[in-house]
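Just protein-v3.cif here, mmCIF, C-alpha atoms:
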data_work
#
loop_
_atom_site.label_atom_id
_atom_site.label_comp_id
_atom_site.auth_asym_id
_atom_site.auth_seq_id
_atom_site.Cartn_x
_atom_site.Cartn_y
_atom_site.Cartn_z
CA MET G 1 67.21 33.89 30.96
CA SER G 2 66.60 35.65 34.23
CA SER G 3 63.04 36.12 35.38
CA LEU G 4 63.83 39.85 35.37
CA ALA G 5 63.85 39.81 31.57
CA PRO G 6 60.77 38.28 29.91
CA ASP G 7 61.10 35.59 27.26
CA LEU G 8 61.54 36.42 23.62
CA VAL G 9 58.52 35.52 21.49
CA ILE G 10 58.64 35.54 17.67
CA ALA G 11 55.55 34.62 15.63
CA GLY G 12 53.93 33.19 18.75
CA GLU G 13 56.87 30.91 19.56
CA THR G 14 58.82 31.37 22.79
CA LEU G 15 62.56 31.10 22.23
CA SER G 16 64.89 29.84 24.94
CA SER G 17 67.53 32.53 24.50
CA ARG G 18 68.07 35.98 23.03
CA LEU G 19 71.36 34.88 21.51
CA PHE G 20 71.11 33.37 18.03
CA LEU G 21 74.12 31.58 16.64
CA GLY G 22 75.39 31.20 13.11
CA THR G 23 77.42 28.09 12.41
CA GLY G 24 79.32 29.44 9.39
CA GLY G 25 83.08 29.46 9.76
CA LEU G 26 83.56 26.87 12.49
CA PRO G 27 86.91 25.22 11.75
CA ARG G 28 85.70 21.76 12.82
CA THR G 29 82.28 20.12 13.06
CA SER G 30 83.46 18.64 16.35
CA LEU G 31 83.21 22.17 17.79
CA VAL G 32 79.46 22.36 17.12
CA THR G 33 78.43 20.58 20.29
CA PRO G 34 80.71 22.42 22.78
CA VAL G 35 79.92 25.78 21.17
CA LEU G 36 76.18 25.14 21.41
CA ASP G 37 76.59 24.02 25.02
CA ALA G 38 78.35 27.29 25.81
CA ALA G 39 76.06 29.60 23.80
CA ARG G 40 72.72 27.87 24.47
CA PRO G 41 71.25 29.78 21.52
CA GLY G 42 67.55 30.30 20.87
CA LEU G 43 68.03 29.73 17.14
CA VAL G 44 70.88 28.31 15.10
CA THR G 45 71.31 29.32 11.48
CA VAL G 46 72.38 27.05 8.64
CA SER G 47 72.75 27.62 4.91
CA ILE G 48 71.36 25.62 2.03
CA ARG G 49 73.83 24.37 -0.58
CA ARG G 50 74.08 21.82 -3.34
CA THR G 51 75.24 18.44 -2.15
CA SER G 52 76.79 15.47 -3.85
CA THR G 53 77.40 13.45 -0.71
CA LEU G 54 75.27 12.44 2.24
CA ALA G 55 77.87 13.23 4.88
CA GLN G 56 78.09 16.98 5.45
CA GLY G 57 80.42 16.37 8.37
CA GLY G 58 77.49 15.29 10.49
CA LEU G 59 76.39 18.91 10.97
CA LEU G 60 72.66 18.29 11.01
CA ALA G 61 73.04 15.29 13.31
CA ALA G 62 75.16 17.32 15.74
CA LEU G 63 72.69 20.21 15.71
CA ARG G 64 69.70 17.95 16.24
CA ALA G 65 71.47 16.04 19.02
CA ALA G 66 72.13 19.35 20.79
CA GLY G 67 68.44 20.22 20.57
CA ALA G 68 69.12 23.27 18.40
CA ARG G 69 66.19 25.04 16.83
CA LEU G 70 67.23 25.58 13.20
CA LEU G 71 66.82 28.77 11.22
CA PRO G 72 67.81 28.24 7.58
CA ASN G 73 69.11 31.30 5.77
CA THR G 74 69.17 32.34 2.14
CA ALA G 75 72.77 33.55 2.29
CA GLY G 76 74.38 34.06 -1.10
CA CYS G 77 71.14 34.92 -2.88
CA LEU G 78 71.31 38.01 -5.09
CA SER G 79 67.68 38.09 -6.23
CA ALA G 80 64.21 37.55 -4.82
CA ARG G 81 63.76 34.61 -7.21
CA GLU G 82 66.83 32.79 -5.84
CA ALA G 83 65.88 33.56 -2.25
CA VAL G 84 62.32 32.26 -2.62
CA LEU G 85 63.51 29.00 -4.18
CA THR G 86 66.20 28.59 -1.50
CA ALA G 87 63.62 29.18 1.24
CA GLU G 88 61.29 26.61 -0.31
CA LEU G 89 64.15 24.08 -0.48
CA ALA G 90 65.04 24.82 3.14
CA ARG G 91 61.45 24.25 4.23
CA GLU G 92 61.42 20.91 2.46
CA ALA G 93 64.85 19.81 3.72
CA LEU G 94 64.48 20.90 7.33
CA GLY G 95 60.77 20.92 7.94
CA THR G 96 60.58 24.53 9.17
CA ASP G 97 58.59 27.50 7.87
CA TRP G 98 61.07 29.90 9.46
CA VAL G 99 63.64 31.57 7.26
CA LYS G 100 66.33 34.16 7.77
CA LEU G 101 65.89 36.04 4.53
CA GLU G 102 69.10 37.39 3.04
CA VAL G 103 69.15 39.02 -0.38
CA VAL G 104 72.37 40.93 -0.91
CA GLY G 105 73.26 43.42 -3.61
CA ASP G 106 76.72 42.14 -4.35
CA GLU G 107 79.20 39.63 -3.00
CA ARG G 108 81.74 42.22 -1.98
CA SER G 109 79.73 44.40 0.40
CA LEU G 110 77.17 41.71 1.29
CA LEU G 111 74.81 44.60 2.00
CA PRO G 112 71.07 43.94 1.68
CA ASP G 113 69.40 44.80 -1.63
CA ALA G 114 66.34 46.64 -0.32
CA VAL G 115 64.24 46.22 -3.47
CA GLU G 116 64.82 42.49 -3.90
CA LEU G 117 64.56 41.93 -0.14
CA LEU G 118 61.11 43.50 0.13
CA ASP G 119 59.93 41.61 -2.96
CA ALA G 120 61.17 38.30 -1.54
CA ALA G 121 59.64 39.04 1.87
CA GLU G 122 56.23 39.69 0.33
CA GLN G 123 56.39 36.46 -1.70
CA LEU G 124 57.52 34.32 1.23
CA VAL G 125 54.88 35.70 3.61
CA ARG G 126 52.25 34.82 0.99
CA ARG G 127 53.69 31.31 0.86
CA GLY G 128 53.27 30.87 4.61
CA PHE G 129 56.81 31.48 5.81
CA VAL G 130 57.82 33.12 9.08
CA VAL G 131 60.23 35.66 7.61
CA LEU G 132 63.13 37.20 9.54
CA PRO G 133 64.87 39.54 7.08
CA TYR G 134 68.50 40.61 7.30
CA THR G 135 68.22 44.30 6.55
CA THR G 136 70.01 47.62 6.72
CA ASP G 137 69.79 49.81 9.82
CA ASP G 138 67.08 51.85 8.09
CA PRO G 139 63.90 52.35 10.12
CA VAL G 140 61.84 53.12 7.01
CA LEU G 141 62.79 49.85 5.30
CA ALA G 142 62.25 48.01 8.57
CA ARG G 143 58.70 49.34 8.72
CA ARG G 144 58.07 48.34 5.10
CA LEU G 145 59.26 44.80 5.89
CA VAL G 146 56.96 44.61 8.89
CA ASP G 147 54.07 45.95 6.77
CA ALA G 148 54.83 43.09 4.36
CA GLY G 149 54.27 40.64 7.22
CA CYS G 150 57.79 39.90 8.50
CA ALA G 151 57.83 38.41 12.01
CA ALA G 152 60.98 40.27 13.05
CA VAL G 153 63.63 42.49 11.50
CA MET G 154 67.36 41.86 11.63
CA PRO G 155 69.29 45.09 11.03
CA LEU G 156 73.04 44.94 10.56
CA GLY G 157 75.38 46.50 13.10
CA SER G 158 78.13 46.62 10.45
CA PRO G 159 79.03 44.52 7.41
CA ILE G 160 78.84 40.73 7.66
CA GLY G 161 82.01 39.26 9.10
CA SER G 162 83.59 42.66 9.74
CA GLY G 163 83.55 42.51 13.53
CA LEU G 164 83.16 46.31 13.58
CA GLY G 165 80.31 46.17 16.08
CA VAL G 166 77.37 48.58 16.06
CA LEU G 167 78.60 51.42 13.86
CA ASN G 168 75.43 53.51 14.13
CA PRO G 169 73.76 53.03 17.50
CA HIS G 170 71.27 55.81 16.78
CA ALA G 171 70.03 54.00 13.67
CA ILE G 172 69.58 50.75 15.57
CA ALA G 173 67.62 52.59 18.27
CA ALA G 174 65.55 54.21 15.52
CA VAL G 175 64.74 50.80 14.01
CA ARG G 176 63.73 49.60 17.47
CA ALA G 177 61.42 52.58 17.84
CA ALA G 178 59.94 52.19 14.35
CA VAL G 179 58.54 48.65 14.61
CA GLU G 180 56.51 46.54 17.04
CA VAL G 181 58.07 43.19 16.09
CA PRO G 182 61.29 41.85 17.65
CA VAL G 183 64.52 43.47 16.43
CA VAL G 184 67.52 41.15 16.11
CA LEU G 185 70.92 42.76 15.68
CA ASP G 186 72.54 40.78 12.91
CA ALA G 187 76.03 41.08 11.47
CA GLY G 188 79.04 42.95 12.70
CA VAL G 189 79.29 41.64 16.26
CA GLY G 190 82.97 41.17 17.02
CA THR G 191 83.04 40.61 20.76
CA ALA G 192 80.91 40.59 23.88
CA SER G 193 80.63 44.35 24.34
CA ASP G 194 79.13 44.72 20.84
CA ALA G 195 76.35 42.29 21.77
CA ALA G 196 75.75 44.01 25.10
CA LEU G 197 75.50 47.41 23.39
CA ALA G 198 72.96 46.10 20.90
CA MET G 199 70.81 44.79 23.73
CA GLU G 200 71.18 48.04 25.69
CA LEU G 201 69.89 49.87 22.62
CA GLY G 202 66.70 47.83 22.90
CA CYS G 203 67.34 44.98 20.49
CA ASP G 204 65.40 41.87 21.43
CA ALA G 205 68.14 39.47 20.39
CA VAL G 206 71.56 39.28 18.77
CA LEU G 207 72.76 36.93 16.07
CA ALA G 208 76.47 36.20 15.98
CA ALA G 209 78.38 33.86 13.73
CA THR G 210 81.89 35.01 12.85
CA ALA G 211 82.47 36.48 16.32
CA VAL G 212 82.21 32.97 17.73
CA THR G 213 83.29 30.69 14.92
CA ARG G 214 86.47 32.60 14.05
CA ALA G 215 87.46 33.53 17.61
CA ASP G 216 90.68 32.00 18.89
CA ASP G 217 88.55 30.09 21.38
CA PRO G 218 85.03 29.71 19.95
CA VAL G 219 83.68 27.97 23.05
CA ALA G 220 84.80 30.75 25.39
CA MET G 221 83.44 33.44 23.04
CA ALA G 222 80.13 31.60 22.82
CA ALA G 223 79.82 31.76 26.60
CA ALA G 224 80.91 35.41 26.62
CA LEU G 225 78.22 36.37 24.11
CA ARG G 226 75.54 34.49 26.03
CA LEU G 227 76.41 36.46 29.17
CA ALA G 228 76.71 39.74 27.26
CA VAL G 229 73.28 39.36 25.69
CA GLU G 230 71.68 38.55 29.02
CA SER G 231 73.58 41.36 30.70
CA GLY G 232 72.67 43.91 28.04
CA ARG G 233 69.02 42.93 28.17
CA LEU G 234 68.93 43.35 31.94
CA ALA G 235 70.64 46.73 31.66
CA TYR G 236 68.13 47.86 29.04
CA GLY G 237 65.27 46.88 31.30
CA ALA G 238 66.93 48.49 34.30
CA GLY G 239 67.15 51.85 32.52
CA ARG G 240 70.51 53.54 32.26
CA VAL G 241 71.18 56.85 33.98
CA PRO G 242 71.06 59.95 31.81
CA ARG G 243 74.40 61.07 30.46
CA ARG G 244 75.66 64.29 32.08
CA THR G 245 78.38 66.66 31.07
CA GLU G 246 79.41 67.39 34.63
CA ALA G 247 80.29 65.27 37.64
CA ARG G 248 77.67 64.40 40.20
CA ALA G 249 78.91 62.93 43.46
CA SER G 250 77.46 59.61 44.43
CA SER G 251 78.73 59.85 48.01
CA PRO G 252 76.87 62.05 50.51
CA LEU G 253 78.04 65.63 50.69
CA LEU G 254 76.87 66.07 54.30
CA GLY G 255 79.08 65.08 57.20
CA LEU G 256 82.38 65.33 55.40
CA VAL G 257 85.43 64.99 57.66
CA SER G 258 87.19 68.29 57.43
CA GLY G 259 90.25 69.89 58.92
CA THR G 260 88.61 73.27 59.02
CA THR G 261 85.63 74.53 60.97
CA THR G 262 83.17 77.06 59.72
CA MET O 1 68.04 11.95 -22.09
CA THR O 2 70.13 14.82 -20.83
CA ILE O 3 69.56 16.49 -17.47
CA THR O 4 71.42 19.09 -15.46
CA CYS O 5 71.93 18.25 -11.79
CA ASN O 6 73.61 20.82 -9.51
CA GLY O 7 75.02 22.60 -12.54
CA GLU O 8 76.44 19.46 -14.14
CA THR O 9 74.87 18.36 -17.43
CA TYR O 10 75.03 14.70 -18.30
CA ALA O 11 73.22 11.82 -19.96
CA ALA O 12 71.04 10.38 -17.24
CA GLU O 13 69.78 6.85 -16.95
CA ALA O 14 67.67 7.69 -13.93
CA VAL O 15 64.07 8.41 -14.71
CA THR O 16 62.62 9.37 -11.33
CA VAL O 17 63.90 11.78 -8.70
CA ALA O 18 64.35 8.88 -6.28
CA GLU O 19 66.46 6.99 -8.81
CA LEU O 20 68.58 10.07 -9.42
CA LEU O 21 69.19 10.42 -5.66
CA GLU O 22 70.03 6.73 -5.39
CA ARG O 23 72.55 7.12 -8.20
CA ARG O 24 74.15 10.34 -6.94
CA LEU O 25 73.92 9.97 -3.16
CA GLY O 26 73.50 6.22 -2.76
CA ASP O 27 70.16 6.77 -0.99
CA ALA O 28 66.74 7.18 -2.60
CA ARG O 29 65.30 8.94 0.49
CA PRO O 30 68.19 10.84 2.08
CA HIS O 31 67.49 12.71 5.31
CA GLY O 32 67.82 16.52 5.38
CA VAL O 33 67.85 16.83 1.59
CA ALA O 34 65.52 18.78 -0.70
CA VAL O 35 65.08 18.62 -4.47
CA ALA O 36 63.88 21.17 -7.00
CA VAL O 37 63.17 20.46 -10.66
CA ASN O 38 63.06 23.49 -12.93
CA GLU O 39 62.89 25.79 -9.88
CA GLU O 40 59.93 24.01 -8.29
CA VAL O 41 60.39 21.98 -5.12
CA VAL O 42 59.48 18.32 -5.50
CA PRO O 43 58.07 17.15 -2.14
CA ARG O 44 59.76 14.11 -0.60
CA GLY O 45 56.55 12.11 -0.99
CA GLU O 46 56.69 12.53 -4.78
CA TRP O 47 60.34 11.56 -5.30
CA ALA O 48 59.54 7.95 -6.17
CA SER O 49 56.92 8.85 -8.74
CA TRP O 50 58.26 12.14 -10.17
CA ARG O 51 59.59 11.36 -13.64
CA LEU O 52 62.40 13.49 -15.02
CA THR O 53 62.26 14.56 -18.63
CA ASP O 54 64.87 15.60 -21.15
CA GLY O 55 66.38 19.00 -20.37
CA ASP O 56 65.25 19.10 -16.72
CA VAL O 57 67.34 21.22 -14.37
CA VAL O 58 67.59 19.55 -10.96
CA GLU O 59 68.93 20.97 -7.70
CA VAL O 60 69.79 18.67 -4.79
CA VAL O 61 70.58 20.56 -1.59
CA THR O 62 71.17 20.09 2.11
CA ALA O 63 71.99 22.21 5.17
CA VAL O 64 75.58 23.30 5.67
CA GLN O 65 77.30 25.61 8.15
CA GLY O 66 76.18 29.18 7.64
CA GLY O 67 75.49 32.47 9.35
#
If you took the structure in this file and wrote it as C-alpha cells, what would it be?
Amino acid sequence: MSSLAPDLVIAGETLSSRLFLGTGGLPRTSLVTPVLDAARPGLVTVSIRRTSTLAQGGLLAALRAAGARLLPNTAGCLSAREAVLTAELAREALGTDWVKLEVVGDERSLLPDAVELLDAAEQLVRRGFVVLPYTTDDPVLARRLVDAGCAAVMPLGSPIGSGLGVLNPHAIAAVRAAVEVPVVLDAGVGTASDAALAMELGCDAVLAATAVTRADDPVAMAAALRLAVESGRLAYGAGRVPRRTEARASSPLLGLVSGTTT
Amino acid sequence: MTITCNGETYAAEAVTVAELLERRLGDARPHGVAVAVNEEVVPRGEWASWRLTDGDVVEVVTAVQGG
C-alpha cells in the first residue's frame, strides 16, 4: 500500500492490504498460491464444513505456506445458534478469534437476517471474538452492530455471487458515515471498477471471492482487484472534484489564438 | 452405543473423541480440525480423555474454500 494511504487497522491489528479474498469457487487448489501472489490480500476467508477425510485438497497448507491471514466465515448458517457454534469450531480449528459472521435469511437470496445477525454478534462479542459481520447496506443496522461490539461492518454491494457491483452507492456512503469502525464492502463485486467505486465511496477495504475465483483468468483478476482497491483508496483520499452540470474548461481562456481581432 | 457423527448415526466402538478421530480420519490429533459434542466444542487438549456416551451428536469439521 502506498504511503499516501495509511494502513488499515481492525481491532488493533494492522492488515497488509485493503483487499480481502474469498477462496470459495476456485476451480483448482493449485490456483490458491498464484491467486494469493497476485492479490496479496490482507485477509483470506475460508468456510467451516464437516470432514470425513484429512486431505481437503491441501487448502490449509497452501494458505499457510502463502502466509495468508485466515478469516473463517459462518457461511450457510441460518440462525444465531448455528453461527455461534460454527464460529467456536472455527476458533478451535484455526486458532483465530476473528470471524466473518454470516447469518442469512434463506438460501436463495443469501441476504443477511438482521435479527439473527445482531443476536449472533452480541453472543460472539461476549465470547471474545473479533466480529466482522456481513450485513445489509443499512446504516441503522450497521450502527446497531457496532454498538454490539463488532470490530468492522461488511455491507453488501449486491447479492452474494451476483457480480452486480455496488447497486446503491448512496447507502454504502451512508453506512460509512454512520460508523467509526472500518467498513468492508462485501459481496457483489464483479470486476475491478466495482472495487474501485467501493473504495472511492469511503470503504476501508473490499472483500471479493466470486469475482476472482470464477473469472476466466483468476490470477489476472486478482491482480486487477488489488490495483483497483489501491487506486480507489488513493482517489478517495485525493478528493474527487464536485460534479457539475455544465462544462468548465481546463485549458486557459486567455491568450487564445484567434483569426479575428477585437 | 449409538452416536451420530456428521449426521450419520451408527454403532460406535470408539469411546473417546481421539479414538473416534483415529477411526474416521486415521489420525487421533488431526491438524486444522475441530470437534463439537452436543453443540459444545471439545478443546483439542481434551480429545484423548473426553468419553463419548450413548446418543451423543458429534461434529467433526475443518476449513474448506469459502467466501
Neighbours of Ser47 in chain G within 10 Å (all atoms listed in the file; same-chain residues fewer than 6 positions away dropped), as a PyMOL selection string?
-> (chain G and resi 22-24+71-76+86-87+90+100) or (chain O and resi 61-67)
Store the residues picked out above in a file with C-alpha atoms, as a short mmCIF file (atom, residue, chain, number, x, y, z; two decimals), in the frame of the given file.
data_model
loop_
_atom_site.label_atom_id
_atom_site.label_comp_id
_atom_site.auth_asym_id
_atom_site.auth_seq_id
_atom_site.Cartn_x
_atom_site.Cartn_y
_atom_site.Cartn_z
CA GLY G 22 75.39 31.20 13.11
CA THR G 23 77.42 28.09 12.41
CA GLY G 24 79.32 29.44 9.39
CA LEU G 71 66.82 28.77 11.22
CA PRO G 72 67.81 28.24 7.58
CA ASN G 73 69.11 31.30 5.77
CA THR G 74 69.17 32.34 2.14
CA ALA G 75 72.77 33.55 2.29
CA GLY G 76 74.38 34.06 -1.10
CA THR G 86 66.20 28.59 -1.50
CA ALA G 87 63.62 29.18 1.24
CA ALA G 90 65.04 24.82 3.14
CA LYS G 100 66.33 34.16 7.77
CA VAL O 61 70.58 20.56 -1.59
CA THR O 62 71.17 20.09 2.11
CA ALA O 63 71.99 22.21 5.17
CA VAL O 64 75.58 23.30 5.67
CA GLN O 65 77.30 25.61 8.15
CA GLY O 66 76.18 29.18 7.64
CA GLY O 67 75.49 32.47 9.35
#
Tell me the residues of chain G close to chain O, meaning within 6 Å using all atoms listed in the file, as a list in words.
->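 The answer, sorted by residue number, is Gly22, Thr23, Gly24, Thr45, Val46, Ser47, Ile48, Arg49, Arg50, Thr51, Thr53, Leu89, Glu92, Ala93, Leu94 and Ala209 of chain G.
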Applied to the shown file, which residues does the PyMOL selection byres ((chain O and resi 52-58) around 6) return, written as a list in words?
->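 Checking the PyMOL selection byres ((chain O and resi 52-58) around 6) against this file, the residues are Met1, Thr2, Ile3, Thr4, Cys5, Val15, Thr16, Ala36, Val37, Asn38, Arg51 and Glu59 of chain O.
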Computed interatomic separation between CA of Ala198 in chain G and CA of Thr33 in chain G (Å) | 26.1 Å
Residues within 8 Å of Ala83 in chain G, all atoms listed in the file, excluding chain neighbours under 6 positions, as a ChimeraX atom specification | /G:74,77,101-103,120
Give as a list in words the residues that the PyMOL selection byres ((chain G and resi 61) around 12) matches when applied to the coordinates above.
-> Thr29, Ser30, Val32, Thr33, Leu54, Ala55, Gln56, Gly57, Gly58, Leu59, Leu60, Ala62, Leu63, Arg64, Ala65, Ala66, Gly67, Ala68, Leu70 and Leu94 of chain G; His31, Gly32, Ala63 and Val64 of chain O
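The space between CA of Pro139 in chain G and CA of Val175 in chain G spans 4.3 Å.
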As a short mmCIF file (atom, residue, chain, number, x, y, z; two decimals), keeping the file's coordinate frame, the rebuilt range 21-32 of chain O with N, CA and C atoms:
data_model
loop_
_atom_site.label_atom_id
_atom_site.label_comp_id
_atom_site.auth_asym_id
_atom_site.auth_seq_id
_atom_site.Cartn_x
_atom_site.Cartn_y
_atom_site.Cartn_z
N LEU O 21 68.57 10.30 -6.99
CA LEU O 21 69.19 10.42 -5.66
C LEU O 21 69.95 9.15 -5.31
N GLU O 22 69.37 8.01 -5.65
CA GLU O 22 70.03 6.73 -5.39
C GLU O 22 71.37 6.68 -6.12
N ARG O 23 71.35 7.16 -7.38
CA ARG O 23 72.55 7.12 -8.20
C ARG O 23 73.62 8.11 -7.69
N ARG O 24 73.17 9.30 -7.31
CA ARG O 24 74.15 10.34 -6.94
C ARG O 24 74.57 10.28 -5.48
N LEU O 25 73.62 9.94 -4.60
CA LEU O 25 73.92 9.97 -3.16
C LEU O 25 73.94 8.57 -2.53
N GLY O 26 73.52 7.57 -3.31
CA GLY O 26 73.50 6.22 -2.76
C GLY O 26 72.33 6.00 -1.81
N ASP O 27 71.32 6.89 -1.89
CA ASP O 27 70.16 6.77 -0.99
C ASP O 27 68.98 7.41 -1.72
N ALA O 28 67.89 6.67 -1.87
CA ALA O 28 66.74 7.18 -2.60
C ALA O 28 65.89 8.12 -1.74
N ARG O 29 66.06 8.07 -0.40
CA ARG O 29 65.30 8.94 0.49
C ARG O 29 66.21 9.55 1.54
N PRO O 30 67.22 10.31 1.11
CA PRO O 30 68.19 10.84 2.08
C PRO O 30 67.54 11.84 3.03
N HIS O 31 68.00 11.80 4.29
CA HIS O 31 67.49 12.71 5.31
C HIS O 31 68.10 14.11 5.13
N GLY O 32 67.30 15.15 5.40
CA GLY O 32 67.82 16.52 5.38
C GLY O 32 68.14 17.04 3.99
#
